[in-house]
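Input: a single structure, listed below in structure tokens.
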Amino acid sequence: MMSEESAPMRHIDLGSPPPLEPPAAGYRFPGPPPPNYSCTLTPELVAKAREELQEKPEWRLRDVQALRDMVLKEQPNLRTRLDDAFLLRFLRARKFDYDRAMQLLLNYHTSRRAWPEVFQDLKPSTIKHVLDLGFLTVLPHPDPNGRYILCLRPGKWKANDYPFEDNIRAIYLTLEKLIQPEETQVNGIVILADYTGVGLSQASNPGPFLAKKVVSILQDSFPIRIKAVNIINEPRIFKGIFAIIKPFLKEKMAERYVLHGSDLRSLHRNIPRSVLPEEYGGVAGHLDMSAWSKTLLDSEEEFIVEFCQPDPLEGVVLPDSMPFQGQQPGGAAQDDDTFRGLRSQLYYCY
């Protein structure tokens, strides 16, 4: 079985390049491959996929068929898409290791059953209030490594606005949209989290139980490669927030977190100014929250087909070791005990 190698984060300093042209009117995020799969990768990305993901173009469809056969043999009752483009997401996320790709596919569906507050009736129109608040967006230009940048602004949300789970719904739908183009499957994404305005109420709201679920989805249950997490404008209490999250992070993922404080020069060493909005010292225009909101809201019908259907796991027998299995009752109580100690740390930092 192939192991996923740990790659050090590249630090890029491009100085002050000429500003990019703003997205043209009618700009649209790249779409998924065609229904009858035909590779849309450039020769450069084909070479990158071969080197980093062990993807061999001449064996690509053979590998997809092997994973499809595994699903049909081992989980014949699983209601899942089996088309080439969909299964390729899981193979690429696990470097074409069939067993690990199969496990990821099962985790992907298991997470939906385990967290109905997030996945029930999941479609863009149900999270419009999150988008309107400005909680997240995707910057219009990818970085020099071809990675789109998911920008989160948790300080925009207050605990009395709406349930925290609605933020997770918005993040999940965004990831689903981001992973459609093959470029993202190969290049991965970057997260930029601006903690301006985050106070004690936001920091303490999720708690370890929800934090554990979120991390489990991002690390083990979704076919996307998160290549870097850049934290900016974090308050003193972020140490307490990270203390909640870090125990659930794999070592490689924890190493990809970079804390910049208010140091924009530090941020620009990781994300160049050419793709950042003016609000973060960039030259790519003002931060526009509306374009990505429109991209998601225009995708309503495809998400209805994807998520508003009968339980895909009905009649499926899952291994005991699946993520989320048996977590709720005892696990929540144990996490609550842990949270009481961490909450006191948050108060101390605040």
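Order determines the names: the first chain of the structure tokens is A, the second B, and so forth; residues in each chain are numbered 1 upward, and ligands are numbered 1 upward as they are shown.
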Cut-off 8 Å: closest segment 157-243 of chain A/segment 82-99 of chain A atom pairs per residue, using only C-alpha atoms, as CSV:
```
residue,atom,partner,partner_atom,distance
A:Ile179,CA,A:Arg89,CA,7.6
A:Gln185,CA,A:Arg89,CA,6.3
A:Val186,CA,A:Arg92,CA,7.1
A:Pro223,CA,A:Ala93,CA,5.2
A:Ile224,CA,A:Ala93,CA,6.0
A:Arg225,CA,A:Ala93,CA,6.5
```
Report task. Would you return as a PyMOL selection string the members of segment 150-275 of chain A that DSSP assigns to strand (DSSP E) on this structure's backbone? Result -> chain A and resi 150-152+189-194+226-232+257-259
Requested in this report: Do a neighbour search on Asp166 of chain A at 12 Å with only C-alpha atoms, toss out local chain neighbours closer than 6 positions, and write the hits as a PyMOL selection string.
Outcome: chain A and resi 115-131+133+135-136+157-159+172-173+206
Query raised in the report: Given the choices A:Leu67, A:Val283, A:Leu150, A:Leu178, which gets closest to Asn230 of chain A if the distance is worked out from only C-alpha atoms?
Result: A:Leu150
Report task. Give me every alpha helix (DSSP H) residue in segment 28-123 of chain A, going by DSSP on the backbone, as a ChimeraX atom specification. Result -> /A:43-53,60-74,84-93,98-114,116-119
Query raised in the report: Using only C-alpha atoms, which of A:Lys73, A:Val64, A:Phe242, A:Asn160 sits nearest Tyr37 of chain A?
Result: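 Of all the options, A:Val64 lies closest to Tyr37 of chain A.
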Within 7 Å of Arg153 of chain A using only C-alpha atoms, minus same-chain residues under 2 positions, as a short mmCIF file (atom, residue, chain, number, x, y, z; two decimals) with N, CA and C atoms, in the first residue's frame:
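Result file follows (result33.cif):
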```cif
data_model
loop_
_atom_site.label_atom_id
_atom_site.label_comp_id
_atom_site.auth_asym_id
_atom_site.auth_seq_id
_atom_site.Cartn_x
_atom_site.Cartn_y
_atom_site.Cartn_z
N PHE A 135 -19.40 35.18 5.52
CA PHE A 135 -18.59 34.24 6.30
C PHE A 135 -17.49 33.60 5.45
N LEU A 136 -17.77 33.36 4.16
CA LEU A 136 -16.76 32.73 3.32
C LEU A 136 -16.88 33.18 1.88
N CYS A 151 -11.44 31.54 1.46
CA CYS A 151 -11.27 32.59 2.46
C CYS A 151 -12.40 32.52 3.47
N GLY A 155 -15.07 35.74 12.24
CA GLY A 155 -15.49 36.86 13.07
C GLY A 155 -16.79 37.50 12.60
N LYS A 156 -17.22 37.20 11.38
CA LYS A 156 -18.49 37.75 10.88
C LYS A 156 -19.69 37.08 11.55
N ALA A 193 -7.82 31.98 6.64
CA ALA A 193 -8.80 32.25 7.69
C ALA A 193 -8.44 33.56 8.38
N ASP A 194 -9.33 34.54 8.26
CA ASP A 194 -9.13 35.85 8.87
C ASP A 194 -9.92 35.90 10.17
N TYR A 195 -9.21 35.94 11.29
CA TYR A 195 -9.87 35.89 12.60
C TYR A 195 -10.16 37.27 13.18
#
```
Where does segment 181-264 of chain A meet segment 104-110 of chain A within 10 Å, residue by residue, with the nearest atom pair and distance in Å to one decimal for each, counting only C-alpha atoms, listed by chain and rising number, as a Markdown table?
```
| residue | atom | partner | partner_atom | distance |
| --- | --- | --- | --- | --- |
| A:Ser216 | CA | A:Asn107 | CA | 9.3 |
| A:Ile217 | CA | A:Tyr108 | CA | 7.6 |
| A:Leu218 | CA | A:Tyr108 | CA | 9.8 |
| A:Gln219 | CA | A:Leu104 | CA | 9.7 |
| A:Asp220 | CA | A:Leu104 | CA | 6.4 |
| A:Ser221 | CA | A:Tyr108 | CA | 4.5 |
| A:Phe222 | CA | A:Tyr108 | CA | 5.7 |
| A:Pro223 | CA | A:Leu104 | CA | 7.3 |
```
File of the preceding selection, all heavy atoms, as a JSON list (two decimals), in the first residue's frame:
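Wrote it out as part-v8.json, contents follow:
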```json
[["chain", "number", "residue", "atom", "x", "y", "z"],
["A", 216, "SER", "N", -12.58, 15.49, 11.25],
["A", 216, "SER", "CA", -12.72, 14.14, 10.70],
["A", 216, "SER", "C", -13.22, 14.19, 9.26],
["A", 216, "SER", "O", -12.75, 13.44, 8.40],
["A", 216, "SER", "CB", -13.67, 13.31, 11.57],
["A", 216, "SER", "OG", -13.77, 12.00, 11.06],
["A", 217, "ILE", "N", -14.15, 15.11, 8.99],
["A", 217, "ILE", "CA", -14.66, 15.23, 7.62],
["A", 217, "ILE", "C", -13.56, 15.73, 6.69],
["A", 217, "ILE", "O", -13.31, 15.16, 5.62],
["A", 217, "ILE", "CB", -15.87, 16.18, 7.58],
["A", 217, "ILE", "CG1", -17.10, 15.50, 8.19],
["A", 217, "ILE", "CG2", -16.17, 16.62, 6.15],
["A", 217, "ILE", "CD1", -18.32, 16.39, 8.29],
["A", 218, "LEU", "N", -12.86, 16.78, 7.09],
["A", 218, "LEU", "CA", -11.86, 17.38, 6.21],
["A", 218, "LEU", "C", -10.66, 16.46, 5.98],
["A", 218, "LEU", "O", -10.10, 16.41, 4.89],
["A", 218, "LEU", "CB", -11.38, 18.71, 6.80],
["A", 218, "LEU", "CG", -12.43, 19.83, 6.87],
["A", 218, "LEU", "CD1", -11.82, 21.08, 7.48],
["A", 218, "LEU", "CD2", -13.00, 20.14, 5.48],
["A", 219, "GLN", "N", -10.26, 15.71, 7.02],
["A", 219, "GLN", "CA", -9.08, 14.85, 6.89],
["A", 219, "GLN", "C", -9.38, 13.49, 6.30],
["A", 219, "GLN", "O", -8.59, 12.97, 5.51],
["A", 219, "GLN", "CB", -8.44, 14.63, 8.27],
["A", 219, "GLN", "CG", -7.70, 15.82, 8.82],
["A", 219, "GLN", "CD", -6.91, 15.47, 10.06],
["A", 219, "GLN", "OE1", -5.87, 16.04, 10.33],
["A", 219, "GLN", "NE2", -7.40, 14.54, 10.86],
["A", 220, "ASP", "N", -10.50, 12.92, 6.70],
["A", 220, "ASP", "CA", -10.74, 11.50, 6.42],
["A", 220, "ASP", "C", -11.98, 11.20, 5.59],
["A", 220, "ASP", "O", -12.19, 10.05, 5.24],
["A", 220, "ASP", "CB", -10.86, 10.72, 7.75],
["A", 220, "ASP", "CG", -9.64, 10.90, 8.64],
["A", 220, "ASP", "OD1", -8.52, 10.76, 8.12],
["A", 220, "ASP", "OD2", -9.82, 11.19, 9.84],
["A", 221, "SER", "N", -12.79, 12.22, 5.29],
["A", 221, "SER", "CA", -14.09, 11.93, 4.69],
["A", 221, "SER", "C", -14.42, 12.79, 3.49],
["A", 221, "SER", "O", -15.56, 12.77, 3.03],
["A", 221, "SER", "CB", -15.20, 12.10, 5.75],
["A", 221, "SER", "OG", -14.93, 11.31, 6.89],
["A", 222, "PHE", "N", -13.45, 13.51, 2.97],
["A", 222, "PHE", "CA", -13.72, 14.33, 1.79],
["A", 222, "PHE", "C", -12.52, 14.27, 0.85],
["A", 222, "PHE", "O", -11.38, 14.41, 1.29],
["A", 222, "PHE", "CB", -14.01, 15.78, 2.17],
["A", 222, "PHE", "CG", -14.67, 16.55, 1.04],
["A", 222, "PHE", "CD1", -16.04, 16.52, 0.90],
["A", 222, "PHE", "CD2", -13.91, 17.25, 0.13],
["A", 222, "PHE", "CE1", -16.65, 17.19, -0.15],
["A", 222, "PHE", "CE2", -14.51, 17.91, -0.93],
["A", 222, "PHE", "CZ", -15.89, 17.89, -1.07],
["A", 223, "PRO", "N", -12.77, 14.09, -0.46],
["A", 223, "PRO", "CA", -11.67, 13.87, -1.41],
["A", 223, "PRO", "C", -11.03, 15.16, -1.90],
["A", 223, "PRO", "O", -11.06, 15.48, -3.10],
["A", 223, "PRO", "CB", -12.36, 13.12, -2.55],
["A", 223, "PRO", "CG", -13.75, 13.68, -2.56],
["A", 223, "PRO", "CD", -14.09, 13.90, -1.10]]
```
Requested in this report: Could you please determine the separation between atom CA of Leu259 of chain A and atom CA of Gly134 of chain A in Å, to one decimal place?
Outcome: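 For atom CA of Leu259 of chain A relative to atom CA of Gly134 of chain A, the distance reads 21.9 Å.
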